[in-house]
>>> print(open('final_12.cif').read())   # mmCIF, C-alpha atoms
data_input
loop_
_atom_site.label_atom_id
_atom_site.label_comp_id
_atom_site.auth_asym_id
_atom_site.auth_seq_id
_atom_site.Cartn_x
_atom_site.Cartn_y
_atom_site.Cartn_z
CA MET A 1 -5.68 -34.22 18.10
CA LYS A 2 -3.91 -35.60 15.04
CA THR A 3 -5.55 -38.26 12.93
CA LYS A 4 -3.93 -40.49 10.32
CA ILE A 5 -5.92 -40.78 7.12
CA ASP A 6 -5.42 -42.51 3.80
CA PRO A 7 -5.97 -39.63 1.36
CA SER A 8 -6.82 -42.06 -1.45
CA ASP A 9 -10.00 -42.91 0.50
CA LEU A 10 -11.34 -39.36 0.12
CA THR A 11 -14.34 -38.91 -2.15
CA ASP A 12 -14.18 -36.45 -5.04
CA GLU A 13 -16.16 -33.95 -2.96
CA GLN A 14 -13.78 -34.36 -0.02
CA ARG A 15 -10.78 -33.95 -2.33
CA GLU A 16 -12.20 -30.70 -3.68
CA ALA A 17 -12.72 -29.44 -0.12
CA PHE A 18 -9.17 -30.48 0.83
CA VAL A 19 -7.68 -28.56 -2.11
CA GLU A 20 -9.90 -25.57 -1.31
CA GLY A 21 -8.64 -25.58 2.27
CA TRP A 22 -5.04 -25.88 1.07
CA GLU A 23 -5.42 -22.98 -1.37
CA CYS A 24 -7.40 -20.75 1.04
CA ALA A 25 -4.61 -21.19 3.58
CA GLY A 26 -2.13 -19.84 1.01
CA GLY A 27 -0.88 -23.17 -0.27
CA SER A 28 1.14 -23.37 -3.44
CA MET A 29 -0.71 -24.31 -6.59
CA ASN A 30 2.39 -24.05 -8.82
CA ASP A 31 2.65 -27.78 -9.37
CA VAL A 32 -1.05 -28.55 -9.82
CA GLU A 33 -0.34 -29.81 -13.37
CA SER A 34 2.33 -32.26 -12.20
CA ASP A 35 1.76 -35.95 -11.56
CA THR A 36 2.11 -35.43 -7.80
CA PRO A 37 0.92 -31.96 -6.81
CA TRP A 38 1.55 -31.00 -3.19
CA CYS A 39 -2.11 -30.11 -2.67
CA MET A 40 -3.27 -33.61 -3.68
CA PRO A 41 -1.63 -36.11 -1.29
CA TRP A 42 -3.83 -38.91 -2.64
CA GLU A 43 -1.49 -38.86 -5.66
CA TYR A 44 1.65 -39.65 -3.65
CA ALA A 45 0.96 -40.62 -0.03
CA SER A 46 -0.67 -43.68 1.47
CA GLU A 47 -1.11 -41.88 4.79
CA ILE A 48 -0.99 -38.33 6.12
CA GLU A 49 -1.42 -37.01 9.63
CA VAL A 50 -3.85 -34.12 10.00
CA THR A 51 -5.92 -32.28 12.56
CA GLY A 52 -9.44 -30.97 12.16
CA ASP A 53 -12.84 -32.47 11.56
CA ASP A 54 -13.35 -32.01 7.85
CA PRO A 55 -11.41 -32.18 4.57
CA GLU A 56 -11.16 -28.40 4.19
CA ALA A 57 -9.54 -28.11 7.64
CA TRP A 58 -7.25 -31.00 6.72
CA GLY A 59 -6.12 -29.15 3.60
CA GLU A 60 -5.39 -25.99 5.59
CA GLN A 61 -3.47 -27.92 8.21
CA TYR A 62 -1.58 -30.02 5.65
CA TRP A 63 -0.37 -26.83 3.97
CA ALA A 64 0.95 -25.67 7.34
CA GLN A 65 2.89 -28.95 7.57
CA CYS A 66 4.31 -28.69 4.05
CA ARG A 67 4.93 -24.92 3.86
CA ALA A 68 8.61 -25.00 4.95
CA GLU A 69 9.50 -27.71 2.44
CA VAL A 70 7.59 -26.04 -0.39
CA LEU A 71 9.28 -22.74 0.52
CA GLU A 72 12.73 -24.34 0.20
CA LEU A 73 11.82 -25.90 -3.14
CA THR A 74 10.45 -22.59 -4.39
CA ARG A 75 13.70 -20.86 -3.37
CA GLY A 76 15.50 -23.45 -5.50
CA ASP A 77 13.13 -22.77 -8.40
CA LEU A 78 13.89 -19.06 -8.10
CA GLU A 79 17.61 -19.71 -8.07
CA ASN A 80 17.33 -21.99 -11.11
CA GLU A 81 15.22 -19.49 -13.03
CA ALA A 82 17.54 -16.58 -12.17
CA SER A 83 20.59 -18.54 -13.35
CA LYS A 84 19.17 -19.25 -16.82
CA ASP A 85 20.69 -17.54 -19.84
CA GLU A 86 17.29 -15.96 -20.49
CA PRO A 87 15.39 -15.86 -17.19
CA ASP A 88 11.66 -15.15 -17.26
CA PRO A 89 11.16 -11.89 -15.31
CA GLU A 90 7.47 -12.64 -14.68
CA MET A 91 8.33 -16.05 -13.22
CA ILE A 92 11.02 -14.50 -11.04
CA ASP A 93 8.59 -11.86 -9.74
CA ARG A 94 5.92 -14.48 -9.05
CA LEU A 95 8.35 -16.75 -7.20
CA ARG A 96 9.74 -13.85 -5.17
CA GLY A 97 6.21 -12.79 -4.22
CA GLN A 98 5.31 -16.29 -3.07
CA ILE A 99 8.50 -16.63 -1.07
CA ALA A 100 7.94 -13.27 0.63
CA ARG A 101 4.34 -14.17 1.51
CA TRP A 102 5.29 -17.57 2.93
CA GLU A 103 8.17 -16.06 4.91
CA ARG A 104 5.74 -13.57 6.45
CA GLU A 105 3.37 -16.43 7.31
CA GLU A 106 6.21 -18.37 8.93
CA ALA A 107 7.26 -15.32 10.95
CA ALA A 108 3.65 -14.84 12.12
CA GLN A 109 3.46 -18.50 13.18
CA ILE A 110 6.68 -18.15 15.15
CA GLU A 111 5.33 -15.04 16.90
CA LYS A 112 2.16 -16.91 17.89
CA ALA A 113 4.14 -19.74 19.46
#
>>> encode(input="final_12.cif", output="structure tokens")
Amino acid sequence: MKTKIDPSDLTDEQREAFVEGWECAGGSMNDVESDTPWCMPWEYASEIEVTGDDPEAWGEQYWAQCRAEVLELTRGDLENEASKDEPDPEMIDRLRGQIARWEREEAAQIEKA
């Protein structure tokens, strides 16, 4: 059953567990230094809809919700990096690896359904 929560109400301990769940599920940590990192919805959302009984499960499930959008944005990042006059080969390899992993996860989810 889905539950709506205000992520800004989470305690510091709950926030840490949420991020741990997000990351353990394979969630992107590329933007963790930004003002509004994906893995920290308390920085940008007044409400999210999640399933599960604890913050770690919420983080895992929220990543599953966001994965497709983050994948598309990461594809754009790869395209932007590759089109630079002096692209960073390490960045390109890292982005390609993430995209491949997330595409495999998506395919596995589709097979389960």
>>> closest_residue(input="final_12.cif", among="A:Gly59, A:Glu16, A:Gln65, A:Ser8", to="Tyr44 in chain A", atoms="all atoms listed in the file")
A:Ser8
>>> resolve_selection(input="final_12.cif", expression="the PyMOL selection byres ((chain A and resi 15) around 12)", output="list of chain:residue names")
A:Asp6, A:Pro7, A:Ser8, A:Asp9, A:Leu10, A:Thr11, A:Asp12, A:Glu13, A:Gln14, A:Glu16, A:Ala17, A:Phe18, A:Val19, A:Glu20, A:Gly21, A:Trp22, A:Cys39, A:Met40, A:Pro41, A:Trp42, A:Glu43, A:Asp54, A:Pro55, A:Glu56, A:Ala57, A:Trp58, A:Gly59
>>> write_last_selection(input="final_12.cif", atoms="C-alpha atoms", output="PDB file, in the frame of the given file")
ATOM      1  CA  ASP A   6      -5.420 -42.510   3.800  1.00  0.00           C
ATOM      2  CA  PRO A   7      -5.970 -39.630   1.360  1.00  0.00           C
ATOM      3  CA  SER A   8      -6.820 -42.060  -1.450  1.00  0.00           C
ATOM      4  CA  ASP A   9     -10.000 -42.910   0.500  1.00  0.00           C
ATOM      5  CA  LEU A  10     -11.340 -39.360   0.120  1.00  0.00           C
ATOM      6  CA  THR A  11     -14.340 -38.910  -2.150  1.00  0.00           C
ATOM      7  CA  ASP A  12     -14.180 -36.450  -5.040  1.00  0.00           C
ATOM      8  CA  GLU A  13     -16.160 -33.950  -2.960  1.00  0.00           C
ATOM      9  CA  GLN A  14     -13.780 -34.360  -0.020  1.00  0.00           C
ATOM     10  CA  GLU A  16     -12.200 -30.700  -3.680  1.00  0.00           C
ATOM     11  CA  ALA A  17     -12.720 -29.440  -0.120  1.00  0.00           C
ATOM     12  CA  PHE A  18      -9.170 -30.480   0.830  1.00  0.00           C
ATOM     13  CA  VAL A  19      -7.680 -28.560  -2.110  1.00  0.00           C
ATOM     14  CA  GLU A  20      -9.900 -25.570  -1.310  1.00  0.00           C
ATOM     15  CA  GLY A  21      -8.640 -25.580   2.270  1.00  0.00           C
ATOM     16  CA  TRP A  22      -5.040 -25.880   1.070  1.00  0.00           C
ATOM     17  CA  CYS A  39      -2.110 -30.110  -2.670  1.00  0.00           C
ATOM     18  CA  MET A  40      -3.270 -33.610  -3.680  1.00  0.00           C
ATOM     19  CA  PRO A  41      -1.630 -36.110  -1.290  1.00  0.00           C
ATOM     20  CA  TRP A  42      -3.830 -38.910  -2.640  1.00  0.00           C
ATOM     21  CA  GLU A  43      -1.490 -38.860  -5.660  1.00  0.00           C
ATOM     22  CA  ASP A  54     -13.350 -32.010   7.850  1.00  0.00           C
ATOM     23  CA  PRO A  55     -11.410 -32.180   4.570  1.00  0.00           C
ATOM     24  CA  GLU A  56     -11.160 -28.400   4.190  1.00  0.00           C
ATOM     25  CA  ALA A  57      -9.540 -28.110   7.640  1.00  0.00           C
ATOM     26  CA  TRP A  58      -7.250 -31.000   6.720  1.00  0.00           C
ATOM     27  CA  GLY A  59      -6.120 -29.150   3.600  1.00  0.00           C
TER      28      GLY A  59
END
>>> residues_around(input="final_12.cif", residues="range 100-111 of chain A", least_positions_apart="2", cutoff="9 Å", atoms="all atoms listed in the file", output="JSON, numbers by chain")
{"A": [26, 27, 67, 68, 71, 95, 96, 97, 98, 113]}
>>> resolve_selection(input="final_12.cif", expression="the PyMOL selection byres ((chain A and resi 46-50) around 6)", output="PyMOL selection string")
chain A and resi 2-6+45+51+58
>>> resolve_selection(input="final_12.cif", expression="the PyMOL selection byres ((chain A and resi 78) around 12)", output="compact mmCIF listing (two decimals) with C-alpha atoms, in the frame of the given file")
# COMPACT_ATOMS: atom_id res chain seq x y z
CA LEU A 71 9.28 -22.74 0.52
CA GLU A 72 12.73 -24.34 0.20
CA LEU A 73 11.82 -25.90 -3.14
CA THR A 74 10.45 -22.59 -4.39
CA ARG A 75 13.70 -20.86 -3.37
CA GLY A 76 15.50 -23.45 -5.50
CA ASP A 77 13.13 -22.77 -8.40
CA GLU A 79 17.61 -19.71 -8.07
CA ASN A 80 17.33 -21.99 -11.11
CA GLU A 81 15.22 -19.49 -13.03
CA ALA A 82 17.54 -16.58 -12.17
CA SER A 83 20.59 -18.54 -13.35
CA LYS A 84 19.17 -19.25 -16.82
CA PRO A 87 15.39 -15.86 -17.19
CA ASP A 88 11.66 -15.15 -17.26
CA PRO A 89 11.16 -11.89 -15.31
CA GLU A 90 7.47 -12.64 -14.68
CA MET A 91 8.33 -16.05 -13.22
CA ILE A 92 11.02 -14.50 -11.04
CA ASP A 93 8.59 -11.86 -9.74
CA ARG A 94 5.92 -14.48 -9.05
CA LEU A 95 8.35 -16.75 -7.20
CA ARG A 96 9.74 -13.85 -5.17
CA GLY A 97 6.21 -12.79 -4.22
CA GLN A 98 5.31 -16.29 -3.07
CA ILE A 99 8.50 -16.63 -1.07
